[in-house]
>>> print(open('target.cif').read())   # mmCIF, N, CA and C atoms and all ligand atoms
data_my_file
loop_
_atom_site.label_atom_id
_atom_site.label_comp_id
_atom_site.auth_asym_id
_atom_site.auth_seq_id
_atom_site.Cartn_x
_atom_site.Cartn_y
_atom_site.Cartn_z
N MET A 262 21.97 29.36 34.98
CA MET A 262 23.06 30.25 34.59
C MET A 262 22.59 31.69 34.66
N ALA A 263 21.61 32.02 33.83
CA ALA A 263 21.09 33.39 33.85
C ALA A 263 20.17 33.57 35.05
N THR A 264 20.49 34.54 35.87
CA THR A 264 19.66 34.78 37.05
C THR A 264 19.18 36.22 37.05
N ALA A 265 18.01 36.41 37.63
CA ALA A 265 17.44 37.75 37.72
C ALA A 265 18.30 38.61 38.63
N MET A 266 18.56 39.82 38.22
CA MET A 266 19.38 40.73 39.00
C MET A 266 18.60 42.01 39.24
N SER A 267 18.87 42.64 40.40
CA SER A 267 18.15 43.86 40.74
C SER A 267 18.94 45.08 40.31
N GLY A 268 18.20 46.16 40.12
CA GLY A 268 18.85 47.40 39.76
C GLY A 268 17.89 48.56 39.95
N GLY A 269 18.36 49.75 39.62
CA GLY A 269 17.51 50.91 39.77
C GLY A 269 18.24 52.18 39.39
N CYS A 270 17.55 53.28 39.57
CA CYS A 270 18.09 54.59 39.19
C CYS A 270 18.87 55.20 40.35
N LEU A 271 19.41 56.36 40.10
CA LEU A 271 20.22 57.07 41.09
C LEU A 271 19.44 57.38 42.37
N CYS A 272 18.20 57.83 42.26
CA CYS A 272 17.43 58.24 43.45
C CYS A 272 16.64 57.10 44.08
N GLY A 273 16.50 55.99 43.37
CA GLY A 273 15.78 54.84 43.93
C GLY A 273 14.29 54.81 43.64
N ALA A 274 13.77 55.81 42.96
CA ALA A 274 12.33 55.84 42.66
C ALA A 274 11.94 54.72 41.70
N VAL A 275 12.85 54.36 40.79
CA VAL A 275 12.59 53.24 39.88
C VAL A 275 13.50 52.09 40.26
N ARG A 276 12.88 50.94 40.58
CA ARG A 276 13.63 49.72 40.86
C ARG A 276 13.13 48.64 39.90
N PHE A 277 14.01 47.75 39.53
CA PHE A 277 13.61 46.69 38.59
C PHE A 277 14.39 45.42 38.84
N THR A 278 13.93 44.34 38.22
CA THR A 278 14.73 43.13 38.11
C THR A 278 14.76 42.76 36.63
N ALA A 279 15.87 42.21 36.20
CA ALA A 279 16.02 41.77 34.82
C ALA A 279 17.09 40.68 34.80
N THR A 280 17.01 39.84 33.79
CA THR A 280 17.94 38.72 33.68
C THR A 280 18.82 38.88 32.45
N PRO A 281 20.06 39.29 32.65
CA PRO A 281 20.97 39.41 31.50
C PRO A 281 21.20 38.05 30.85
N LYS A 282 21.21 38.02 29.52
CA LYS A 282 21.43 36.79 28.76
C LYS A 282 22.81 36.22 29.08
N ASP A 283 23.77 37.11 29.25
CA ASP A 283 25.15 36.72 29.57
C ASP A 283 25.80 37.92 30.24
N ARG A 284 27.11 37.86 30.39
CA ARG A 284 27.80 38.96 31.08
C ARG A 284 28.49 39.89 30.08
N ASP A 285 28.07 39.81 28.82
CA ASP A 285 28.67 40.63 27.78
C ASP A 285 28.06 42.03 27.76
N VAL A 286 28.92 43.01 27.89
CA VAL A 286 28.48 44.40 27.82
C VAL A 286 28.80 44.94 26.44
N GLY A 287 27.82 45.62 25.86
CA GLY A 287 28.03 46.26 24.57
C GLY A 287 27.98 47.77 24.74
N ALA A 288 28.84 48.46 24.02
CA ALA A 288 28.82 49.93 24.06
C ALA A 288 28.26 50.44 22.75
N CYS A 289 27.34 51.40 22.85
CA CYS A 289 26.84 52.05 21.64
C CYS A 289 27.34 53.49 21.62
N HIS A 290 28.03 53.82 20.54
CA HIS A 290 28.61 55.16 20.41
C HIS A 290 27.76 56.08 19.54
N CYS A 291 26.53 55.67 19.21
CA CYS A 291 25.74 56.50 18.30
C CYS A 291 25.42 57.85 18.94
N SER A 292 25.15 58.82 18.10
CA SER A 292 24.97 60.19 18.61
C SER A 292 23.76 60.28 19.54
N MET A 293 22.73 59.47 19.31
CA MET A 293 21.54 59.54 20.17
C MET A 293 21.84 58.97 21.56
N CYS A 294 22.52 57.83 21.61
CA CYS A 294 22.88 57.26 22.91
C CYS A 294 23.80 58.21 23.67
N ARG A 295 24.76 58.80 22.95
CA ARG A 295 25.69 59.69 23.64
C ARG A 295 24.99 60.93 24.17
N LYS A 296 24.05 61.46 23.40
CA LYS A 296 23.30 62.63 23.86
C LYS A 296 22.45 62.25 25.08
N TRP A 297 21.87 61.06 25.01
CA TRP A 297 20.94 60.61 26.06
C TRP A 297 21.64 60.30 27.38
N THR A 298 22.81 59.64 27.29
CA THR A 298 23.47 59.16 28.51
C THR A 298 24.68 59.98 28.91
N ALA A 299 25.05 60.97 28.10
CA ALA A 299 26.26 61.77 28.34
C ALA A 299 27.52 60.94 28.19
N GLY A 300 27.46 59.88 27.40
CA GLY A 300 28.62 59.04 27.13
C GLY A 300 28.17 57.90 26.26
N PRO A 301 29.04 56.94 25.95
CA PRO A 301 28.56 55.76 25.24
C PRO A 301 27.58 55.01 26.14
N PHE A 302 26.55 54.42 25.55
CA PHE A 302 25.55 53.68 26.33
C PHE A 302 26.05 52.25 26.48
N MET A 303 26.31 51.83 27.73
CA MET A 303 26.87 50.51 28.03
C MET A 303 25.72 49.61 28.45
N VAL A 304 25.43 48.60 27.64
CA VAL A 304 24.23 47.81 27.90
C VAL A 304 24.48 46.31 27.97
N VAL A 305 23.55 45.63 28.64
CA VAL A 305 23.49 44.17 28.61
C VAL A 305 22.13 43.78 28.04
N ASP A 306 22.13 42.69 27.29
CA ASP A 306 20.91 42.19 26.64
C ASP A 306 20.07 41.43 27.66
N CYS A 307 18.89 41.95 27.96
CA CYS A 307 18.01 41.29 28.93
C CYS A 307 16.74 40.75 28.27
N ALA A 308 16.74 40.70 26.96
CA ALA A 308 15.60 40.14 26.20
C ALA A 308 14.27 40.68 26.75
N ASP A 309 13.37 39.79 27.14
CA ASP A 309 12.03 40.23 27.58
C ASP A 309 11.85 40.11 29.09
N THR A 310 12.96 40.13 29.84
CA THR A 310 12.87 39.83 31.28
C THR A 310 12.71 41.06 32.17
N MET A 311 12.66 42.25 31.60
CA MET A 311 12.57 43.46 32.41
C MET A 311 11.26 43.53 33.20
N LYS A 312 11.37 43.67 34.53
CA LYS A 312 10.20 43.87 35.37
C LYS A 312 10.42 45.09 36.24
N VAL A 313 9.70 46.17 35.92
CA VAL A 313 9.82 47.40 36.70
C VAL A 313 8.87 47.28 37.89
N GLU A 314 9.41 47.50 39.11
CA GLU A 314 8.61 47.28 40.32
C GLU A 314 7.52 48.33 40.48
N ASN A 315 7.85 49.60 40.16
CA ASN A 315 6.86 50.67 40.30
C ASN A 315 7.15 51.67 39.19
N ASP A 316 6.26 51.73 38.21
CA ASP A 316 6.58 52.56 37.05
C ASP A 316 6.03 53.99 37.13
N ALA A 317 5.62 54.41 38.34
CA ALA A 317 5.10 55.77 38.51
C ALA A 317 6.14 56.82 38.10
N SER A 318 7.41 56.53 38.33
CA SER A 318 8.46 57.50 38.00
C SER A 318 9.20 57.15 36.72
N LEU A 319 8.69 56.14 35.99
CA LEU A 319 9.38 55.73 34.77
C LEU A 319 8.96 56.61 33.60
N GLY A 320 9.92 57.33 33.04
CA GLY A 320 9.66 58.13 31.85
C GLY A 320 9.95 57.30 30.62
N VAL A 321 9.14 57.51 29.59
CA VAL A 321 9.33 56.77 28.34
C VAL A 321 9.42 57.77 27.19
N TYR A 322 10.55 57.76 26.49
CA TYR A 322 10.73 58.65 25.36
C TYR A 322 10.79 57.83 24.08
N ARG A 323 9.86 58.06 23.19
CA ARG A 323 9.83 57.34 21.91
C ARG A 323 10.84 58.02 20.99
N SER A 324 12.03 57.43 20.87
CA SER A 324 13.12 58.10 20.15
C SER A 324 13.14 57.78 18.66
N SER A 325 12.39 56.77 18.24
CA SER A 325 12.30 56.46 16.82
C SER A 325 11.05 55.63 16.60
N GLU A 326 10.79 55.29 15.35
CA GLU A 326 9.62 54.46 15.05
C GLU A 326 9.66 53.14 15.79
N TRP A 327 10.88 52.63 16.05
CA TRP A 327 11.00 51.27 16.58
C TRP A 327 11.51 51.18 18.02
N ALA A 328 11.87 52.31 18.61
CA ALA A 328 12.48 52.20 19.94
C ALA A 328 12.00 53.24 20.94
N GLU A 329 12.10 52.84 22.22
CA GLU A 329 11.79 53.74 23.32
C GLU A 329 12.97 53.73 24.29
N ARG A 330 13.22 54.89 24.87
CA ARG A 330 14.28 55.04 25.86
C ARG A 330 13.62 55.36 27.20
N CYS A 331 13.91 54.54 28.21
CA CYS A 331 13.22 54.65 29.50
C CYS A 331 14.18 55.15 30.57
N PHE A 332 13.67 56.05 31.40
CA PHE A 332 14.52 56.77 32.35
C PHE A 332 13.72 57.09 33.60
N CYS A 333 14.41 57.58 34.64
CA CYS A 333 13.71 58.00 35.85
C CYS A 333 13.31 59.46 35.71
N LYS A 334 12.03 59.73 35.92
CA LYS A 334 11.53 61.10 35.81
C LYS A 334 12.00 61.98 36.96
N GLN A 335 12.44 61.38 38.07
CA GLN A 335 12.89 62.15 39.23
C GLN A 335 14.36 62.56 39.12
N CYS A 336 15.21 61.60 38.80
CA CYS A 336 16.65 61.89 38.82
C CYS A 336 17.29 61.88 37.43
N GLY A 337 16.57 61.42 36.42
CA GLY A 337 17.09 61.48 35.06
C GLY A 337 17.95 60.31 34.63
N THR A 338 18.14 59.30 35.48
CA THR A 338 18.98 58.16 35.10
C THR A 338 18.44 57.47 33.85
N ALA A 339 19.32 57.26 32.88
CA ALA A 339 18.98 56.48 31.68
C ALA A 339 19.01 55.01 32.07
N LEU A 340 17.90 54.32 31.96
CA LEU A 340 17.80 52.95 32.47
C LEU A 340 17.85 51.87 31.39
N PHE A 341 17.01 51.97 30.39
CA PHE A 341 17.05 50.96 29.33
C PHE A 341 16.43 51.46 28.04
N TYR A 342 16.79 50.73 27.00
CA TYR A 342 16.35 50.98 25.63
C TYR A 342 15.54 49.75 25.25
N ARG A 343 14.35 49.95 24.66
CA ARG A 343 13.57 48.78 24.29
C ARG A 343 12.98 48.95 22.90
N LEU A 344 12.79 47.81 22.24
CA LEU A 344 12.21 47.81 20.91
C LEU A 344 10.70 47.72 21.05
N VAL A 345 10.01 48.67 20.45
CA VAL A 345 8.56 48.75 20.57
C VAL A 345 7.92 47.48 19.99
N GLY A 346 7.08 46.86 20.81
CA GLY A 346 6.32 45.69 20.37
C GLY A 346 7.14 44.41 20.24
N LYS A 347 8.42 44.46 20.66
CA LYS A 347 9.28 43.28 20.50
C LYS A 347 9.63 42.63 21.83
N GLY A 348 9.39 43.34 22.92
CA GLY A 348 9.76 42.79 24.22
C GLY A 348 11.26 42.68 24.42
N GLN A 349 12.02 43.37 23.58
CA GLN A 349 13.49 43.29 23.67
C GLN A 349 14.03 44.50 24.44
N HIS A 350 14.82 44.22 25.49
CA HIS A 350 15.36 45.29 26.34
C HIS A 350 16.88 45.24 26.40
N TYR A 351 17.49 46.38 26.23
CA TYR A 351 18.93 46.55 26.45
C TYR A 351 19.06 47.47 27.65
N VAL A 352 19.60 46.92 28.74
CA VAL A 352 19.58 47.61 30.02
C VAL A 352 20.96 48.16 30.35
N SER A 353 20.99 49.37 30.88
CA SER A 353 22.25 49.98 31.27
C SER A 353 23.01 49.09 32.24
N ALA A 354 24.24 48.73 31.90
CA ALA A 354 25.05 47.91 32.80
C ALA A 354 25.20 48.60 34.15
N GLU A 355 25.23 49.92 34.12
CA GLU A 355 25.44 50.69 35.35
C GLU A 355 24.20 50.81 36.21
N ALA A 356 23.04 50.40 35.71
CA ALA A 356 21.81 50.46 36.50
C ALA A 356 21.70 49.28 37.45
N PHE A 357 22.47 48.22 37.20
CA PHE A 357 22.40 47.05 38.07
C PHE A 357 23.16 47.30 39.37
N ASP A 358 22.69 46.64 40.45
CA ASP A 358 23.34 46.79 41.74
C ASP A 358 24.70 46.09 41.76
N ASP A 359 24.83 45.03 40.96
CA ASP A 359 26.04 44.21 40.96
C ASP A 359 26.47 43.98 39.51
N ARG A 360 27.73 44.22 39.21
CA ARG A 360 28.22 44.02 37.85
C ARG A 360 29.34 42.99 37.80
N ALA A 361 29.33 42.06 38.77
CA ALA A 361 30.39 41.04 38.84
C ALA A 361 30.46 40.24 37.55
N GLY A 362 31.64 40.08 37.02
CA GLY A 362 31.84 39.24 35.85
C GLY A 362 31.56 39.89 34.52
N TYR A 363 31.10 41.10 34.54
CA TYR A 363 30.80 41.77 33.28
C TYR A 363 32.09 42.03 32.49
N ALA A 364 31.98 41.93 31.17
CA ALA A 364 33.12 42.25 30.31
C ALA A 364 32.62 42.99 29.08
N LEU A 365 33.32 44.04 28.72
CA LEU A 365 32.98 44.78 27.50
C LEU A 365 33.45 43.96 26.31
N THR A 366 32.50 43.50 25.49
CA THR A 366 32.88 42.60 24.39
C THR A 366 32.54 43.15 23.01
N SER A 367 31.68 44.15 22.94
CA SER A 367 31.34 44.68 21.62
C SER A 367 31.12 46.19 21.67
N GLN A 368 31.34 46.80 20.51
CA GLN A 368 31.07 48.23 20.36
C GLN A 368 30.38 48.43 19.02
N VAL A 369 29.28 49.18 19.07
CA VAL A 369 28.55 49.44 17.82
C VAL A 369 28.50 50.95 17.54
N PHE A 370 28.23 51.25 16.27
CA PHE A 370 28.29 52.63 15.79
C PHE A 370 29.67 53.22 16.09
N ILE A 371 30.68 52.37 15.89
CA ILE A 371 32.06 52.79 16.16
C ILE A 371 32.44 53.97 15.27
N ASP A 372 31.78 54.06 14.12
CA ASP A 372 32.08 55.16 13.19
C ASP A 372 31.50 56.49 13.67
N GLU A 373 30.63 56.44 14.68
CA GLU A 373 30.11 57.70 15.22
C GLU A 373 30.83 58.12 16.50
N LYS A 374 31.75 57.27 16.97
CA LYS A 374 32.49 57.58 18.20
C LYS A 374 33.31 58.84 18.00
N PRO A 375 33.19 59.79 18.93
CA PRO A 375 34.02 60.99 18.81
C PRO A 375 35.49 60.66 19.08
N ASP A 376 36.38 61.52 18.61
CA ASP A 376 37.81 61.25 18.72
C ASP A 376 38.37 61.40 20.13
N TYR A 377 37.61 62.03 21.03
CA TYR A 377 38.21 62.36 22.33
C TYR A 377 38.30 61.20 23.31
N TYR A 378 37.74 60.03 22.97
CA TYR A 378 37.94 58.85 23.83
C TYR A 378 38.05 57.61 22.96
N ASP A 379 38.63 56.55 23.57
CA ASP A 379 38.87 55.28 22.88
C ASP A 379 38.99 54.22 23.96
N PHE A 380 38.23 53.11 23.86
CA PHE A 380 38.38 52.03 24.84
C PHE A 380 39.56 51.15 24.44
N ALA A 381 40.36 50.74 25.43
CA ALA A 381 41.49 49.86 25.15
C ALA A 381 41.06 48.40 25.06
N ASN A 382 39.85 48.06 25.52
CA ASN A 382 39.35 46.68 25.48
C ASN A 382 39.39 46.10 24.07
N LYS A 383 39.72 44.81 23.98
CA LYS A 383 39.64 44.10 22.70
C LYS A 383 38.18 43.69 22.51
N THR A 384 37.52 44.28 21.53
CA THR A 384 36.09 44.04 21.35
C THR A 384 35.76 43.80 19.89
N HIS A 385 34.56 43.26 19.67
CA HIS A 385 34.04 43.13 18.30
C HIS A 385 33.37 44.46 17.96
N ASN A 386 33.87 45.14 16.95
CA ASN A 386 33.36 46.47 16.62
C ASN A 386 32.57 46.46 15.32
N MET A 387 31.48 47.22 15.30
CA MET A 387 30.67 47.33 14.09
C MET A 387 30.33 48.79 13.82
N THR A 388 30.35 49.15 12.55
CA THR A 388 29.91 50.49 12.18
C THR A 388 28.38 50.51 12.17
N GLY A 389 27.81 51.69 12.08
CA GLY A 389 26.36 51.79 11.99
C GLY A 389 25.81 51.03 10.79
N ALA A 390 26.50 51.14 9.65
CA ALA A 390 26.05 50.45 8.44
C ALA A 390 26.09 48.93 8.65
N GLU A 391 27.12 48.45 9.32
CA GLU A 391 27.22 47.00 9.59
C GLU A 391 26.12 46.54 10.54
N VAL A 392 25.79 47.39 11.52
CA VAL A 392 24.71 47.04 12.45
C VAL A 392 23.39 46.93 11.70
N PHE A 393 23.10 47.91 10.87
CA PHE A 393 21.83 47.89 10.13
C PHE A 393 21.79 46.72 9.14
N ALA A 394 22.95 46.38 8.55
CA ALA A 394 22.99 45.26 7.62
C ALA A 394 22.75 43.94 8.35
N ALA A 395 23.31 43.83 9.56
CA ALA A 395 23.20 42.59 10.32
C ALA A 395 21.83 42.44 10.98
N PHE A 396 21.29 43.54 11.47
CA PHE A 396 20.00 43.51 12.17
C PHE A 396 19.13 44.63 11.63
N ALA A 397 18.61 44.49 10.46
CA ALA A 397 17.82 45.58 9.89
C ALA A 397 16.71 46.01 10.84
N PRO A 398 16.52 47.28 11.04
CA PRO A 398 15.47 47.75 11.93
C PRO A 398 14.12 47.22 11.45
N PRO A 399 13.17 46.96 12.32
CA PRO A 399 13.20 47.29 13.74
C PRO A 399 13.79 46.22 14.63
N GLU A 400 14.48 45.24 14.10
CA GLU A 400 15.08 44.20 14.94
C GLU A 400 16.35 44.71 15.61
N ALA A 401 16.91 45.75 15.07
CA ALA A 401 18.21 46.22 15.51
C ALA A 401 18.28 46.42 17.01
N GLY A 402 19.24 45.72 17.61
CA GLY A 402 19.38 45.76 19.05
C GLY A 402 19.78 47.12 19.54
N GLN A 403 21.02 47.43 19.34
CA GLN A 403 21.50 48.70 19.86
C GLN A 403 21.51 49.73 18.76
N ALA A 404 20.78 49.45 17.70
CA ALA A 404 20.80 50.38 16.58
C ALA A 404 20.31 51.74 17.01
N LYS A 405 20.86 52.70 16.37
CA LYS A 405 20.50 54.07 16.60
C LYS A 405 18.99 54.22 16.42
N GLY A 406 18.39 54.95 17.34
CA GLY A 406 16.97 55.18 17.16
C GLY A 406 16.27 55.52 18.39
ZN ZN A 501 15.54 58.16 40.02
ZN ZN A 502 23.05 54.07 20.29
#
>>> encode(input="target.cif", output="structure tokens")
Amino acid sequence: MATAMSGGCLCGAVRFTATPKDRDVGACHCSMCRKWTAGPFMVVDCADTMKVENDASLGVYRSSEWAERCFCKQCGTALFYRLVGKGQHYVSAEAFDDRAGYALTSQVFIDEKPDYYDFANKTHNMTGAEVFAAFAPPEAGQAKG
């Protein structure tokens, strides 16, 4: 069912393969994700399957005690968010070459979403407090950080 899929950044300097757990896309509206990606961060859960082919151009920003945000140093593409020491990766849905079958099913940090946009999709929504209660850091998947 789950198969490895290829992806990469805008300029092609960073290429990877990763295996999404399912086709569920989650949006994070937290202020850090929005600042980082210039919009809500749309991710798929790839657990520990991320394999970067050549990490010479991979930038790593330690955004909190528990998380790192990885991007292309050449073109700036936001690629994935990972939990330090956990092997857990949330990969940008838009970084994959193929997004067939993807569906937006959840939104987190909905309470931090600015008023100027709203998704019409029917999704499971959680506030930041609900996310932290459900997955206390550092386990928090898309938790702010
Ligand atoms: Zn690039
Ligand atoms: Zn976020």
>>> residues_near_ligand(input="target.cif", ligand="ligand ZN 501 (chain A)", cutoff="6 Å", atoms="all atoms listed in the file", output="list in words")
Cys270, Leu271, Cys272, Gly273, Ala274, Val275, Cys333, Lys334, Gln335, Cys336, Gly337 and Thr338 of chain A
>>> select_by_dssp(input="target.cif", residues="range 312-341 of chain A", states="strand (DSSP E or B)", output="list in words")
Lys312, Val313, Leu319, Gly320, Val321, Tyr322, Arg323, Ala328, Glu329, Arg330, Cys331, Phe332, Cys333, Ala339, Leu340 and Phe341 of chain A
>>> closest_residue(input="target.cif", among="A:Glu373, A:Asp359, A:Asp285, A:Asp309", to="ligand ZN 502 (chain A)", atoms="only C-alpha atoms and all ligand atoms")
A:Glu373
>>> residues_near_ligand(input="target.cif", ligand="ligand ZN 502 (chain A)", cutoff="12 Å", atoms="only C-alpha atoms and all ligand atoms", output="number ranges by chain")
A: 287-304, 324-325, 328-330, 341-343, 351, 353, 368-374, 387-389, 392-393, 401-406
>>> closest_residue(input="target.cif", among="A:Ala356, A:Ala364, A:Val345, A:Ala395", to="Asp283 in chain A", atoms="all atoms listed in the file")
A:Ala364
>>> closest_residue(input="target.cif", among="A:Ala263, A:Ala361, A:Ala317, A:Val305", to="Val286 in chain A", atoms="only C-alpha atoms")
A:Val305
>>> select_by_dssp(input="target.cif", residues="range 265-398 of chain A", states="helix (DSSP H, G or I)", output="list in words")
Ser292, Met293, Cys294, Arg295, Lys296, Trp297, Thr298, Asp316, Ala317, Ser318, Ala354, Glu355, Ala356, Ile371, Asp372, Glu373, Gly389, Ala390, Glu391, Val392, Phe393, Ala394 and Ala395 of chain A
>>> atom_distance(input="target.cif", atom1="CA of Ala354 in chain A", atom2="CA of Gly269 in chain A")
10.7 Å
>>> closest_residue(input="target.cif", among="A:Val352, A:Met266, A:Leu365, A:Ala279", to="Val313 in chain A", atoms="all atoms listed in the file")
A:Ala279
>>> closest_residue(input="target.cif", among="A:Lys347, A:Thr366, A:Ser267, A:Arg284", to="Thr384 in chain A", atoms="all atoms listed in the file")
A:Thr366
>>> atom_distance(input="target.cif", atom1="atom N of Glu355 in chain A", atom2="atom N of Asn386 in chain A")
19.8 Å
>>> residues_around(input="target.cif", residues="Met311 in chain A", least_positions_apart="6", cutoff="7 Å", atoms="all atoms listed in the file", output="PyMOL selection string")
chain A and resi 277-280+350
>>> atom_distance(input="target.cif", atom1="atom C of Cys307 in chain A", atom2="atom C of Arg360 in chain A")
16.0 Å
